[in-house]
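The file target_1.csv contains CSV, C-alpha atoms and all ligand atoms:
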```csv
chain,number,residue,atom,x,y,z
A,11,MET,CA,-0.6,-29.9,8.4
A,12,PRO,CA,-2.4,-32.0,11.0
A,13,ASP,CA,-0.4,-35.0,12.2
A,14,SER,CA,-1.6,-38.5,12.7
A,15,ASN,CA,-2.1,-37.8,16.5
A,16,VAL,CA,-5.2,-35.8,15.6
A,17,ARG,CA,-8.4,-37.6,16.6
A,18,ILE,CA,-10.9,-34.8,16.2
A,19,ARG,CA,-10.6,-32.7,13.1
A,20,LEU,CA,-11.6,-29.1,12.4
A,21,ALA,CA,-13.6,-29.7,9.3
A,22,SER,CA,-15.2,-32.7,7.6
A,23,PRO,CA,-17.0,-32.4,4.2
A,24,ASP,CA,-20.3,-34.2,3.8
A,25,LEU,CA,-19.9,-36.1,0.5
A,26,GLY,CA,-21.7,-39.3,-0.3
A,27,GLU,CA,-23.4,-41.4,-2.9
A,28,GLU,CA,-25.6,-38.6,-4.1
A,29,GLU,CA,-22.6,-36.5,-5.1
A,30,CYS,CA,-21.1,-39.5,-6.8
A,31,GLU,CA,-24.3,-40.1,-8.8
A,32,ALA,CA,-24.4,-36.4,-9.8
A,33,VAL,CA,-20.8,-36.6,-11.2
A,34,TYR,CA,-21.6,-39.8,-13.1
A,35,ARG,CA,-24.7,-38.2,-14.6
A,36,VAL,CA,-22.7,-35.3,-15.9
A,37,LEU,CA,-19.9,-37.6,-17.2
A,38,ARG,CA,-22.4,-39.7,-19.1
A,39,SER,CA,-24.0,-36.6,-20.6
A,40,GLY,CA,-20.7,-35.6,-22.2
A,41,VAL,CA,-21.3,-31.9,-21.3
A,42,LEU,CA,-18.4,-31.1,-19.0
A,43,THR,CA,-18.4,-27.3,-19.0
A,44,ASN,CA,-20.6,-24.3,-20.0
A,45,GLY,CA,-23.7,-26.3,-19.4
A,46,PRO,CA,-27.1,-26.7,-17.7
A,47,GLU,CA,-25.6,-27.8,-14.3
A,48,ASN,CA,-23.9,-24.4,-13.9
A,49,GLU,CA,-27.0,-22.5,-14.8
A,50,ALA,CA,-29.1,-24.6,-12.4
A,51,PHE,CA,-26.7,-24.4,-9.5
A,52,ALA,CA,-26.3,-20.6,-9.9
A,53,GLN,CA,-30.0,-20.0,-10.0
A,54,GLU,CA,-30.7,-22.4,-7.1
A,55,PHE,CA,-28.0,-20.8,-5.0
A,56,ALA,CA,-29.2,-17.3,-5.9
A,57,ASP,CA,-32.9,-18.2,-5.1
A,58,ARG,CA,-31.8,-19.7,-1.7
A,59,HIS,CA,-30.3,-16.3,-0.8
A,60,ARG,CA,-33.2,-14.3,-2.4
A,61,VAL,CA,-30.9,-12.6,-4.9
A,62,ARG,CA,-31.8,-12.3,-8.6
A,63,PHE,CA,-28.6,-13.5,-10.4
A,64,GLY,CA,-25.8,-15.9,-9.6
A,65,VAL,CA,-22.6,-16.5,-11.6
A,66,THR,CA,-20.4,-19.4,-10.7
A,67,PHE,CA,-16.6,-19.4,-10.8
A,68,CYS,CA,-13.8,-22.0,-10.6
A,69,THR,CA,-12.7,-20.7,-7.1
A,70,GLY,CA,-13.9,-18.2,-4.5
A,71,THR,CA,-10.7,-16.2,-5.2
A,72,ALA,CA,-11.6,-15.9,-8.9
A,73,ALA,CA,-15.1,-14.9,-7.9
A,74,LEU,CA,-13.6,-12.1,-5.7
A,75,ASN,CA,-11.5,-10.9,-8.6
A,76,ALA,CA,-14.4,-10.9,-10.9
A,77,MET,CA,-16.6,-9.1,-8.4
A,78,LEU,CA,-14.1,-6.2,-8.1
A,79,LEU,CA,-13.5,-6.0,-11.9
A,80,ALA,CA,-17.3,-6.0,-12.5
A,81,GLU,CA,-17.5,-3.0,-10.2
A,82,GLY,CA,-14.9,-1.3,-12.3
A,83,ILE,CA,-12.3,-1.2,-9.6
A,84,GLY,CA,-8.7,-0.8,-10.7
A,85,PRO,CA,-5.5,1.2,-10.4
A,86,GLY,CA,-5.7,4.3,-8.2
A,87,ASP,CA,-8.7,2.9,-6.3
A,88,GLU,CA,-8.9,2.0,-2.7
A,89,VAL,CA,-11.1,-0.8,-1.2
A,90,ILE,CA,-11.6,-1.0,2.5
A,91,VAL,CA,-11.2,-4.5,3.9
A,92,PRO,CA,-10.7,-6.2,7.3
A,93,SER,CA,-7.3,-7.6,8.1
A,94,MET,CA,-8.9,-10.4,10.2
A,95,THR,CA,-9.7,-12.6,7.2
A,96,PHE,CA,-8.3,-15.1,4.7
A,97,VAL,CA,-5.6,-13.4,2.6
A,98,ALA,CA,-7.6,-13.5,-0.6
A,99,THR,CA,-10.0,-10.8,0.5
A,100,ALA,CA,-7.0,-8.3,0.3
A,101,THR,CA,-4.9,-9.9,-2.4
A,102,SER,CA,-7.8,-9.9,-4.9
A,103,VAL,CA,-7.9,-6.1,-4.4
A,104,CYS,CA,-4.2,-6.0,-5.3
A,105,HIS,CA,-4.7,-8.3,-8.3
A,106,VAL,CA,-7.1,-5.8,-10.0
A,107,GLY,CA,-4.4,-3.1,-9.4
A,108,ALA,CA,-6.2,-1.3,-6.5
A,109,THR,CA,-5.0,-0.8,-2.9
A,110,PRO,CA,-6.5,-2.6,0.0
A,111,VAL,CA,-7.0,-0.3,3.0
A,112,PHE,CA,-7.3,-2.2,6.3
A,113,ALA,CA,-9.9,-1.1,8.8
A,114,ASP,CA,-10.3,-2.4,12.4
A,115,ILE,CA,-12.8,-4.8,13.7
A,116,ASP,CA,-15.4,-5.2,16.5
A,117,PRO,CA,-13.7,-7.1,19.4
A,118,ARG,CA,-16.7,-9.4,19.8
A,119,THR,CA,-17.6,-10.4,16.2
A,120,PHE,CA,-14.2,-9.9,14.5
A,121,ASN,CA,-16.2,-8.2,11.7
A,122,LEU,CA,-15.5,-4.7,10.3
A,123,ASP,CA,-16.1,-1.8,12.8
A,124,ALA,CA,-18.2,0.8,11.0
A,125,ALA,CA,-16.5,3.7,12.8
A,126,SER,CA,-13.1,2.5,11.8
A,127,VAL,CA,-14.3,2.1,8.2
A,128,ALA,CA,-15.7,5.7,8.2
A,129,ALA,CA,-12.3,6.9,9.4
A,130,ARG,CA,-10.5,5.1,6.5
A,131,ILE,CA,-12.7,6.6,3.7
A,132,THR,CA,-10.8,8.9,1.3
A,133,GLN,CA,-11.4,10.5,-2.1
A,134,ALA,CA,-10.0,7.3,-3.6
A,135,THR,CA,-12.3,4.8,-1.8
A,136,ARG,CA,-14.3,2.8,-4.4
A,137,ALA,CA,-15.9,0.1,-2.2
A,138,VAL,CA,-16.1,-1.4,1.2
A,139,MET,CA,-15.7,-5.2,1.3
A,140,THR,CA,-17.1,-6.7,4.5
A,141,VAL,CA,-16.3,-10.3,5.5
A,142,HIS,CA,-18.8,-12.3,7.6
A,143,TYR,CA,-16.2,-13.8,10.0
A,144,ALA,CA,-17.1,-17.5,10.7
A,145,GLY,CA,-20.2,-16.9,8.7
A,146,GLN,CA,-21.7,-14.5,11.2
A,147,PRO,CA,-23.0,-11.2,9.7
A,148,GLY,CA,-21.5,-8.2,11.4
A,149,ASP,CA,-22.9,-4.6,11.6
A,150,LEU,CA,-24.5,-4.5,8.2
A,151,ASP,CA,-26.7,-1.6,9.1
A,152,GLY,CA,-23.8,0.4,10.4
A,153,LEU,CA,-21.7,-0.4,7.3
A,154,ALA,CA,-24.7,0.5,5.0
A,155,ARG,CA,-24.9,3.9,6.6
A,156,VAL,CA,-21.2,4.6,6.2
A,157,CYS,CA,-21.2,3.5,2.6
A,158,ALA,CA,-24.4,5.5,1.8
A,159,ALA,CA,-22.8,8.6,3.4
A,160,ALA,CA,-19.6,8.1,1.3
A,161,GLY,CA,-21.4,7.2,-1.9
A,162,VAL,CA,-19.5,3.9,-2.3
A,163,PRO,CA,-20.9,0.4,-2.7
A,164,LEU,CA,-20.8,-2.3,0.0
A,165,LEU,CA,-19.5,-5.7,-1.3
A,166,GLU,CA,-19.7,-8.9,0.7
A,167,ASP,CA,-16.9,-11.5,1.0
A,168,ALA,CA,-19.5,-14.0,2.2
A,169,ALA,CA,-17.0,-16.9,1.5
A,170,GLN,CA,-17.9,-18.5,4.9
A,171,ALA,CA,-21.5,-17.4,5.1
A,172,ALA,CA,-23.7,-19.6,2.7
A,173,GLY,CA,-27.1,-19.6,4.4
A,174,ALA,CA,-26.4,-16.9,7.0
A,175,GLU,CA,-29.1,-14.4,7.8
A,176,TYR,CA,-29.2,-10.9,9.2
A,177,ARG,CA,-32.5,-9.7,10.6
A,178,GLY,CA,-34.4,-12.4,8.8
A,179,ARG,CA,-32.8,-11.9,5.4
A,180,PRO,CA,-30.1,-14.0,3.9
A,181,VAL,CA,-26.7,-12.5,3.3
A,182,GLY,CA,-25.7,-11.9,-0.3
A,183,ALA,CA,-28.2,-9.1,-0.9
A,184,PHE,CA,-26.8,-6.5,1.5
A,185,GLY,CA,-23.9,-5.7,-0.8
A,186,ARG,CA,-24.2,-4.7,-4.4
A,187,SER,CA,-22.7,-8.1,-5.0
A,188,ALA,CA,-21.5,-10.9,-2.8
A,189,MET,CA,-19.0,-13.7,-3.2
A,190,PHE,CA,-19.3,-17.3,-1.7
A,191,SER,CA,-16.6,-20.0,-1.7
A,192,PHE,CA,-17.0,-23.8,-2.0
A,193,THR,CA,-13.5,-24.9,-1.1
A,194,PRO,CA,-13.5,-28.0,1.2
A,195,SER,CA,-13.1,-26.1,4.5
A,196,LYS,CA,-16.4,-24.3,3.9
A,197,ASN,CA,-19.8,-25.7,5.1
A,198,ILE,CA,-20.6,-26.9,1.6
A,199,THR,CA,-18.1,-27.7,-1.1
A,200,THR,CA,-17.6,-28.5,-4.8
A,201,GLY,CA,-13.9,-29.3,-4.3
A,202,GLU,CA,-13.0,-25.8,-5.5
A,203,GLY,CA,-15.5,-23.2,-6.6
A,204,GLY,CA,-17.2,-19.9,-6.0
A,205,ILE,CA,-20.1,-17.8,-6.9
A,206,VAL,CA,-21.1,-14.1,-7.1
A,207,LEU,CA,-24.6,-13.0,-6.4
A,208,THR,CA,-26.1,-9.7,-7.4
A,209,ASP,CA,-29.5,-8.1,-8.1
A,210,ASP,CA,-27.9,-5.8,-10.8
A,211,PRO,CA,-28.4,-7.2,-14.3
A,212,ASP,CA,-25.4,-5.2,-15.6
A,213,VAL,CA,-23.1,-6.5,-13.0
A,214,ALA,CA,-24.3,-10.1,-13.7
A,215,LYS,CA,-23.6,-9.5,-17.4
A,216,ARG,CA,-20.1,-8.3,-16.8
A,217,LEU,CA,-19.5,-11.2,-14.4
A,218,ARG,CA,-20.4,-13.7,-17.2
A,219,LEU,CA,-18.2,-12.0,-19.7
A,220,LEU,CA,-15.3,-11.9,-17.2
A,221,ARG,CA,-15.7,-15.7,-16.6
A,222,ASN,CA,-15.6,-16.7,-20.2
A,223,HIS,CA,-13.2,-14.6,-22.3
A,224,GLY,CA,-15.6,-11.7,-22.9
A,225,GLN,CA,-17.4,-14.0,-25.3
A,226,THR,CA,-20.8,-13.0,-26.5
A,227,GLY,CA,-21.0,-15.4,-29.4
A,228,LEU,CA,-18.9,-18.2,-30.9
A,229,TYR,CA,-15.4,-16.6,-31.0
A,230,ARG,CA,-16.7,-13.1,-30.6
A,231,HIS,CA,-14.9,-11.5,-27.7
A,232,GLU,CA,-16.4,-8.1,-26.7
A,233,SER,CA,-14.3,-7.5,-23.6
A,234,LEU,CA,-11.2,-8.7,-21.7
A,235,GLY,CA,-12.0,-11.9,-19.8
A,236,HIS,CA,-10.5,-15.0,-18.3
A,237,ASN,CA,-11.3,-18.7,-18.2
A,238,TRP,CA,-12.8,-18.7,-14.7
A,239,ARG,CA,-15.4,-21.4,-15.4
A,240,LEU,CA,-16.6,-24.0,-12.9
A,241,THR,CA,-16.9,-27.5,-14.4
A,242,GLU,CA,-20.3,-29.2,-14.8
A,243,MET,CA,-19.2,-32.0,-12.5
A,244,GLN,CA,-18.5,-29.5,-9.7
A,245,ALA,CA,-21.8,-27.6,-10.3
A,246,ALA,CA,-23.7,-30.9,-10.1
A,247,ILE,CA,-22.0,-31.6,-6.7
A,248,GLY,CA,-22.9,-28.1,-5.6
A,249,ARG,CA,-26.6,-28.7,-6.3
A,250,VAL,CA,-26.6,-31.8,-4.0
A,251,GLN,CA,-24.6,-29.9,-1.4
A,252,LEU,CA,-26.9,-27.0,-1.5
A,253,GLY,CA,-29.7,-29.4,-0.6
A,254,LYS,CA,-27.8,-30.4,2.5
A,255,LEU,CA,-27.0,-26.8,3.6
A,256,ASP,CA,-29.8,-26.3,6.1
A,257,GLY,CA,-29.3,-29.6,7.7
A,258,ILE,CA,-25.6,-28.9,8.1
A,259,LEU,CA,-26.2,-25.4,9.6
A,260,GLU,CA,-28.8,-26.8,12.0
A,261,ARG,CA,-26.5,-29.5,13.2
A,262,LYS,CA,-23.6,-27.1,13.6
A,263,ARG,CA,-25.8,-24.7,15.6
A,264,LEU,CA,-26.6,-27.4,18.1
A,265,ILE,CA,-23.0,-28.4,18.4
A,266,ALA,CA,-21.9,-24.8,18.9
A,267,GLU,CA,-24.6,-24.3,21.5
A,268,SER,CA,-23.4,-27.4,23.3
A,269,LEU,CA,-19.8,-26.2,23.2
A,270,THR,CA,-20.9,-22.9,24.6
A,271,ARG,CA,-22.9,-24.5,27.4
A,272,ARG,CA,-19.9,-26.5,28.4
A,273,LEU,CA,-17.3,-23.7,28.1
A,274,THR,CA,-19.3,-20.8,29.6
A,275,GLY,CA,-17.8,-19.7,32.9
A,276,VAL,CA,-14.3,-21.3,32.3
A,277,PRO,CA,-12.0,-18.6,33.8
A,278,GLY,CA,-9.7,-17.1,31.1
A,279,LEU,CA,-11.9,-18.2,28.2
A,280,THR,CA,-14.5,-16.2,26.2
A,281,THR,CA,-16.9,-18.2,24.1
A,282,PRO,CA,-18.0,-16.8,20.7
A,283,TYR,CA,-20.3,-13.8,20.8
A,284,GLN,CA,-23.6,-14.1,18.9
A,285,VAL,CA,-25.1,-11.0,17.2
A,286,PRO,CA,-28.8,-10.8,18.2
A,287,ASP,CA,-31.3,-11.4,15.3
A,288,THR,CA,-28.8,-13.0,13.1
A,289,ARG,CA,-28.1,-16.6,12.0
A,290,GLY,CA,-24.4,-17.5,11.5
A,291,THR,CA,-23.1,-20.6,9.8
A,292,TRP,CA,-20.6,-21.7,12.5
A,293,MET,CA,-17.9,-22.0,9.8
A,294,LEU,CA,-15.6,-21.6,12.9
A,295,TYR,CA,-16.0,-21.7,16.6
A,296,THR,CA,-13.6,-19.1,17.8
A,297,CYS,CA,-12.8,-18.5,21.5
A,298,LEU,CA,-10.6,-15.8,23.1
A,299,LEU,CA,-7.9,-16.9,25.5
A,300,PRO,CA,-5.8,-13.8,26.2
A,301,GLY,CA,-2.3,-14.6,27.5
A,302,ILE,CA,-2.7,-18.4,27.4
A,303,ARG,CA,-3.7,-19.1,23.8
A,304,ASP,CA,-0.4,-20.5,22.5
A,305,GLN,CA,-0.1,-22.9,25.4
A,306,VAL,CA,-3.7,-24.0,25.1
A,307,LEU,CA,-3.3,-24.6,21.3
A,308,ALA,CA,-0.2,-26.8,21.9
A,309,ASP,CA,-1.9,-28.7,24.7
A,310,LEU,CA,-5.0,-29.4,22.5
A,311,LEU,CA,-2.9,-30.7,19.7
A,312,ASP,CA,-1.1,-32.9,22.2
A,313,GLN,CA,-4.5,-34.2,23.3
A,314,GLY,CA,-5.4,-35.0,19.7
A,315,ILE,CA,-7.8,-32.1,19.2
A,316,GLU,CA,-7.2,-30.1,16.0
A,317,ALA,CA,-7.4,-26.4,16.8
A,318,ARG,CA,-6.1,-23.5,14.7
A,319,ILE,CA,-5.6,-19.7,14.6
A,320,TYR,CA,-8.1,-18.3,12.0
A,321,PHE,CA,-6.5,-16.0,10.9
A,322,PRO,CA,-3.1,-14.5,11.5
A,323,PRO,CA,-3.9,-10.9,10.4
A,324,VAL,CA,-3.4,-10.2,6.7
A,325,HIS,CA,-1.6,-6.9,7.2
A,326,ARG,CA,1.1,-8.7,9.1
A,327,GLN,CA,1.8,-11.1,6.2
A,328,PRO,CA,5.1,-10.5,4.4
A,329,VAL,CA,3.2,-9.8,1.2
A,330,PHE,CA,1.6,-6.8,2.8
A,331,ALA,CA,4.3,-5.8,5.2
A,332,GLU,CA,6.3,-4.9,2.1
A,333,ARG,CA,3.5,-2.8,0.8
A,334,ALA,CA,3.0,-0.9,4.1
A,335,GLY,CA,3.5,2.8,3.9
A,336,GLY,CA,1.0,3.1,1.1
A,337,THR,CA,-2.4,4.8,1.6
A,338,GLY,CA,-3.6,3.7,5.0
A,339,LEU,CA,-1.9,0.3,5.0
A,340,ALA,CA,0.3,1.1,7.9
A,341,ALA,CA,-2.5,2.6,10.0
A,342,PRO,CA,-2.8,0.9,13.4
A,343,LEU,CA,-5.3,-1.9,14.0
A,344,PRO,CA,-5.2,-2.3,17.8
A,345,VAL,CA,-8.4,-4.5,18.1
A,346,THR,CA,-7.3,-6.8,15.2
A,347,GLU,CA,-3.8,-7.2,16.9
A,348,ALA,CA,-5.3,-7.9,20.3
A,349,VAL,CA,-7.8,-10.4,19.0
A,350,ALA,CA,-5.2,-12.1,16.8
A,351,GLU,CA,-3.0,-12.7,19.9
A,352,ALA,CA,-5.9,-14.3,21.8
A,353,MET,CA,-8.1,-16.2,19.3
A,354,LEU,CA,-8.3,-19.9,18.9
A,355,SER,CA,-10.8,-21.9,16.7
A,356,LEU,CA,-12.0,-25.3,17.9
A,357,PRO,CA,-13.5,-28.2,15.8
A,358,VAL,CA,-17.2,-27.5,15.0
A,359,HIS,CA,-18.0,-29.7,12.0
A,360,HIS,CA,-21.5,-31.2,11.7
A,361,ARG,CA,-20.4,-34.8,12.0
A,362,LEU,CA,-19.2,-34.4,15.6
A,363,THR,CA,-21.1,-36.7,18.1
A,364,GLU,CA,-22.2,-35.4,21.5
A,365,ALA,CA,-19.4,-37.6,23.0
A,366,GLU,CA,-16.8,-35.8,20.8
A,367,VAL,CA,-18.2,-32.4,21.7
A,368,ALA,CA,-17.9,-33.4,25.4
A,369,GLU,CA,-14.3,-34.6,24.7
A,370,ILE,CA,-13.4,-31.3,23.0
A,371,ALA,CA,-14.8,-29.2,25.9
A,372,ASP,CA,-13.1,-31.4,28.5
A,373,ALA,CA,-9.8,-31.1,26.7
A,374,VAL,CA,-10.2,-27.3,26.5
A,375,ILE,CA,-11.0,-27.1,30.2
A,376,THR,CA,-8.0,-29.2,31.1
A,377,ALA,CA,-5.7,-27.2,28.8
A,378,VAL,CA,-6.9,-23.8,30.1
A,379,GLY,CA,-6.5,-25.0,33.7
A,380,ARG,CA,-2.9,-26.1,33.0
A,381,ALA,CA,-2.0,-22.9,31.1
A,382,SER,CA,-3.6,-20.6,33.7
A,383,ALA,CA,-1.7,-22.3,36.5
A,384,SER,CA,1.7,-21.9,34.8
A,385,ALA,CA,0.8,-18.3,33.7
A,386,LYS,CA,0.2,-17.3,37.3
A,387,VAL,CA,3.6,-18.7,38.3
A,388,THR,CA,5.3,-16.7,35.6
A,389,ALA,CA,3.3,-13.5,36.2
A,390,ARG,CA,3.6,-13.5,39.9
A,391,PRO,CA,6.7,-15.3,41.1
A,392,MET,CA,6.7,-16.6,44.7
A,393,PRO,CA,8.0,-13.9,47.0
A,394,VAL,CA,11.5,-14.4,48.4
A,395,GLY,CA,11.3,-16.3,51.6
A,396,ALA,CA,8.0,-17.9,51.0
A,397,ARG,CA,7.8,-21.7,50.9
A,401,LIG,C1,-12.2,-19.3,1.8
A,401,LIG,C2,-12.1,-17.8,1.7
A,401,LIG,C3,-11.8,-17.1,0.5
A,401,LIG,C4,-11.2,-17.8,-0.7
A,401,LIG,O1,-12.0,-18.7,-1.3
A,401,LIG,P1,-11.4,-19.9,-2.2
A,401,LIG,O2,-12.6,-20.6,-2.7
A,401,LIG,O3,-10.5,-20.7,-1.3
A,401,LIG,O4,-10.6,-19.2,-3.3
A,401,LIG,C5,-11.9,-15.7,0.5
A,401,LIG,N1,-12.3,-15.1,1.6
A,401,LIG,C6,-12.6,-15.7,2.7
A,401,LIG,C7,-13.1,-14.9,3.9
A,401,LIG,C8,-12.5,-17.1,2.8
A,401,LIG,O5,-12.8,-17.7,4.0
```
Can the structure from this file be put into structure tokens for me?
Ligand SMILES: *Cc1c(COP(=O)(O)O)cnc(C)c1O
Amino acid sequence: MPDSNVRIRLASPDLGEEECEAVYRVLRSGVLTNGPENEAFAQEFADRHRVRFGVTFCTGTAALNAMLLAEGIGPGDEVIVPSMTFVATATSVCHVGATPVFADIDPRTFNLDAASVAARITQATRAVMTVHYAGQPGDLDGLARVCAAAGVPLLEDAAQAAGAEYRGRPVGAFGRSAMFSFTPSKNITTGEGGIVLTDDPDVAKRLRLLRNHGQTGLYRHESLGHNWRLTEMQAAIGRVQLGKLDGILERKRLIAESLTRRLTGVPGLTTPYQVPDTRGTWMLYTCLLPGIRDQVLADLLDQGIEARIYFPPVHRQPVFAERAGGTGLAAPLPVTEAVAEAMLSLPVHHRLTEAEVAEIADAVITAVGRASASAKVTARPMPVGAR
């Protein structure tokens, strides 16, 4: 947890009077769940991403579980996922009884590498789940080709990617279905919450049943389901937040560009790569600092700048280390490992002032300078006899 020394935080949700008013409106209406706010939020979010159907969920993780169940994925099935992601991408596969198979990533975008995915496809593969790291779409054309050749669907864990675009088209429609999260670290939030988008009416129907106890009429339960509903208060907040999305993304893009301008050319540091003809969401601003990352991180925290490693790779987590040895789980992931050793995410939230952006960049430059100086001393000790 960040300590009180931190002056500049990683994330800062944009919640104001409008969200408060929306919650009051719902509370006064007396309809707290299963109501019009959920229907409206789902449709508005789907429209924004040019997808036909949206089904809201109480968390992004529940939405991921529902997306896999709606695809009919279960025991004996394999789902190819990146290890460079939040743990839920992979654990949701386990929760439906299937096996996550980790594929390696592109060293520039940290998104799935299509060739590595192709190499992990087996007879048991039922889906490929891509993650848009930091909200930047990866090689969606390459993944679509691999999936088509193997006859398996592409699914999107678009948790970080609300509003992102790939070749002029919003994410969310590249996979057969796509999940988004509204937990507070994301660009827009409902406190907790998630949604699945799909163009397929059958998938949408199954998602609704999964969310609400398989209920098709009052106390008529056609299939196995859960209570994975989002409250009406949260859906109402989500509608206000969705209206702010483009402004937040535009402000973050300017901040990220300013950071990149200030940090380009700093020896030992690589600024985030941008895929041509895409629009990311700058959920994260992730640099590479091979050999000096840990020192730079400690230095930044000392200087009051909150920085963090997003993410320690999932396949290294104890929960998966114990499952290694299964199908493909233990396969090497050299790019993921190398990136994980070097990556560091800096604050990039939309409330940062230009002065704070300058302060972050100056702190990074100072920290990198100090770390490189001491790294050189360690790597190349003074020859004996030299002064
Ligand atoms: C945030 C996130 C999730 C989980 O979403 P929750 O709403 O926190 O359950 C899943 N996958 C990725 C890539 C995420 O960033």
Hey, could you make a per-residue contact list for chain A against ligand LIG 401 (chain A) with 10 Å as the cut-off, showing the nearest pair of atoms and its distance in Å to one decimal, counting only C-alpha atoms and all ligand atoms, sorted by chain and number, as CSV?
```
residue,atom,partner,partner_atom,distance
A:Phe67,CA,A:LIG401,O2,9.1
A:Cys68,CA,A:LIG401,O2,8.1
A:Thr69,CA,A:LIG401,O2,4.4
A:Gly70,CA,A:LIG401,O2,3.3
A:Thr71,CA,A:LIG401,O4,3.6
A:Ala72,CA,A:LIG401,O4,6.6
A:Ala73,CA,A:LIG401,O4,7.7
A:Leu74,CA,A:LIG401,C5,7.4
A:Asn75,CA,A:LIG401,O4,9.9
A:Pro92,CA,A:LIG401,C7,9.6
A:Met94,CA,A:LIG401,C7,8.8
A:Thr95,CA,A:LIG401,C7,5.3
A:Phe96,CA,A:LIG401,C6,4.8
A:Val97,CA,A:LIG401,N1,7.0
A:Ala98,CA,A:LIG401,C5,5.0
A:Thr99,CA,A:LIG401,N1,5.0
A:Ala100,CA,A:LIG401,N1,8.7
A:Thr101,CA,A:LIG401,C5,9.5
A:Ser102,CA,A:LIG401,C5,8.9
A:Thr140,CA,A:LIG401,C7,9.1
A:Val141,CA,A:LIG401,C7,5.8
A:His142,CA,A:LIG401,C7,7.3
A:Tyr143,CA,A:LIG401,C7,6.9
A:Ala144,CA,A:LIG401,O5,8.0
A:Gly145,CA,A:LIG401,C7,8.8
A:Glu166,CA,A:LIG401,C7,9.5
A:Asp167,CA,A:LIG401,C7,5.9
A:Ala168,CA,A:LIG401,C7,6.7
A:Ala169,CA,A:LIG401,C8,4.7
A:Gln170,CA,A:LIG401,O5,5.2
A:Ala171,CA,A:LIG401,O5,8.8
A:Met189,CA,A:LIG401,C5,8.3
A:Phe190,CA,A:LIG401,O1,7.4
A:Ser191,CA,A:LIG401,O2,4.2
A:Phe192,CA,A:LIG401,O2,5.5
A:Thr193,CA,A:LIG401,O2,4.7
A:Pro194,CA,A:LIG401,O3,8.3
A:Ser195,CA,A:LIG401,C1,7.4
A:Lys196,CA,A:LIG401,C1,6.9
A:Thr199,CA,A:LIG401,O2,9.1
A:Thr200,CA,A:LIG401,O2,9.6
A:Gly201,CA,A:LIG401,O2,8.9
A:Glu202,CA,A:LIG401,O2,5.9
A:Gly203,CA,A:LIG401,O2,5.5
A:Gly204,CA,A:LIG401,O2,5.7
A:Ile205,CA,A:LIG401,O2,9.0
A:Met293,CA,A:LIG401,O5,8.8
A:Tyr320,CA,A:LIG401,O5,9.3
A:Phe321,CA,A:LIG401,O5,9.5
```
* To do: Considering all atoms listed in the file, return as a PyMOL selection string whatever protein or nucleic-acid residues lie within 10 Å of Gln284 of chain A, sequence-local ones (same chain, fewer than 6 positions apart) excluded.
  => chain A and resi 118-119+146-148+290
Proximity of segment 110-227 of chain A to segment 250-272 of chain A: per-residue shortest pair, 9 Å limit, only C-alpha atoms, as a tab-separated table:
```
residue	atom	partner	partner_atom	distance
A:Ala172	CA	A:Leu255	CA	8.0
A:Gly173	CA	A:Leu255	CA	7.2
A:Ala174	CA	A:Leu259	CA	8.9
A:Asn197	CA	A:Ile258	CA	7.3
A:Ile198	CA	A:Gln251	CA	5.8
A:Thr199	CA	A:Gln251	CA	6.9
A:Thr200	CA	A:Gln251	CA	7.9
```
* To do: Tell me, in Å to one decimal, how far atom CA of Ala134 of chain A is from atom CA of Asn121 of chain A.
  => 22.6 Å
* **12 Å contact set for Val111 of chain A, only C-alpha atoms, chain neighbours under 3 positions out, as a count of residues only** => 41
* With a distance cut-off of 7 Å and only C-alpha atoms, select the neighbouring residues of Arg318 of chain A, excluding the residue or stretch itself and same-chain residues fewer than 2 positions from it, and output the selection as JSON, numbers by chain. => {"A": [316, 320, 354, 355, 356]}
* Hey, can you check how far atom CA of Phe51 of chain A sits from atom CA of Gly82 of chain A? -> 26.1 Å
* **Neighbour list for Val213 of chain A as a ChimeraX atom specification, cut-off 12 Å, all atoms listed in the file, skip fewer than 2 positions in-chain** => /A:62-65,76-82,186-188,206-211,215-220
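Computed from the coordinates, the atom CA of Arg19 of chain A to atom CA of Pro357 of chain A distance equals 6.0 Å.
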Counting all atoms listed in the file, I want the residues whose atoms come within 7 Å of (-8.5, -21.6, 25.8) in the file frame, returned as a tab-separated table (two decimals) with C-alpha atoms, keeping the file's coordinate frame.
```tsv
chain	number	residue	atom	x	y	z
A	279	LEU	CA	-11.90	-18.20	28.20
A	297	CYS	CA	-12.80	-18.50	21.50
A	298	LEU	CA	-10.60	-15.80	23.10
A	299	LEU	CA	-7.90	-16.90	25.50
A	302	ILE	CA	-2.70	-18.40	27.40
A	303	ARG	CA	-3.70	-19.10	23.80
A	306	VAL	CA	-3.70	-24.00	25.10
A	374	VAL	CA	-10.20	-27.30	26.50
A	377	ALA	CA	-5.70	-27.20	28.80
A	378	VAL	CA	-6.90	-23.80	30.10
```
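With distances restricted to all atoms listed in the file, A:Trp292 is the closest residue to His359 of chain A from A:His59, A:Pro282, A:Arg17, A:Trp292.
Between Trp238 of chain A and the residues A:Thr66, A:Arg58, A:Pro323, A:Val33, the shortest atom-to-atom distance, using all atoms listed in the file, involves A:Thr66.
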* Structure fact -> In terms of only C-alpha atoms, the residue from A:Ile375, A:Leu240, A:Leu20, A:Leu164 at minimal distance from Gly275 of chain A is A:Ile375
* Residues within 10 Å of Ala246 of chain A, all atoms listed in the file, excluding chain neighbours under 4 positions, as a VMD selection string -> chain A and resid 28 to 36 46 to 48 50 to 51 200 241 to 242 250 to 252
* For each of A:Arg239, A:Arg249, A:His105, A:His231, take the minimum atom-to-atom distance to Phe55 of chain A, counting all atoms listed in the file, then give the residue where this is smallest. => A:Arg249
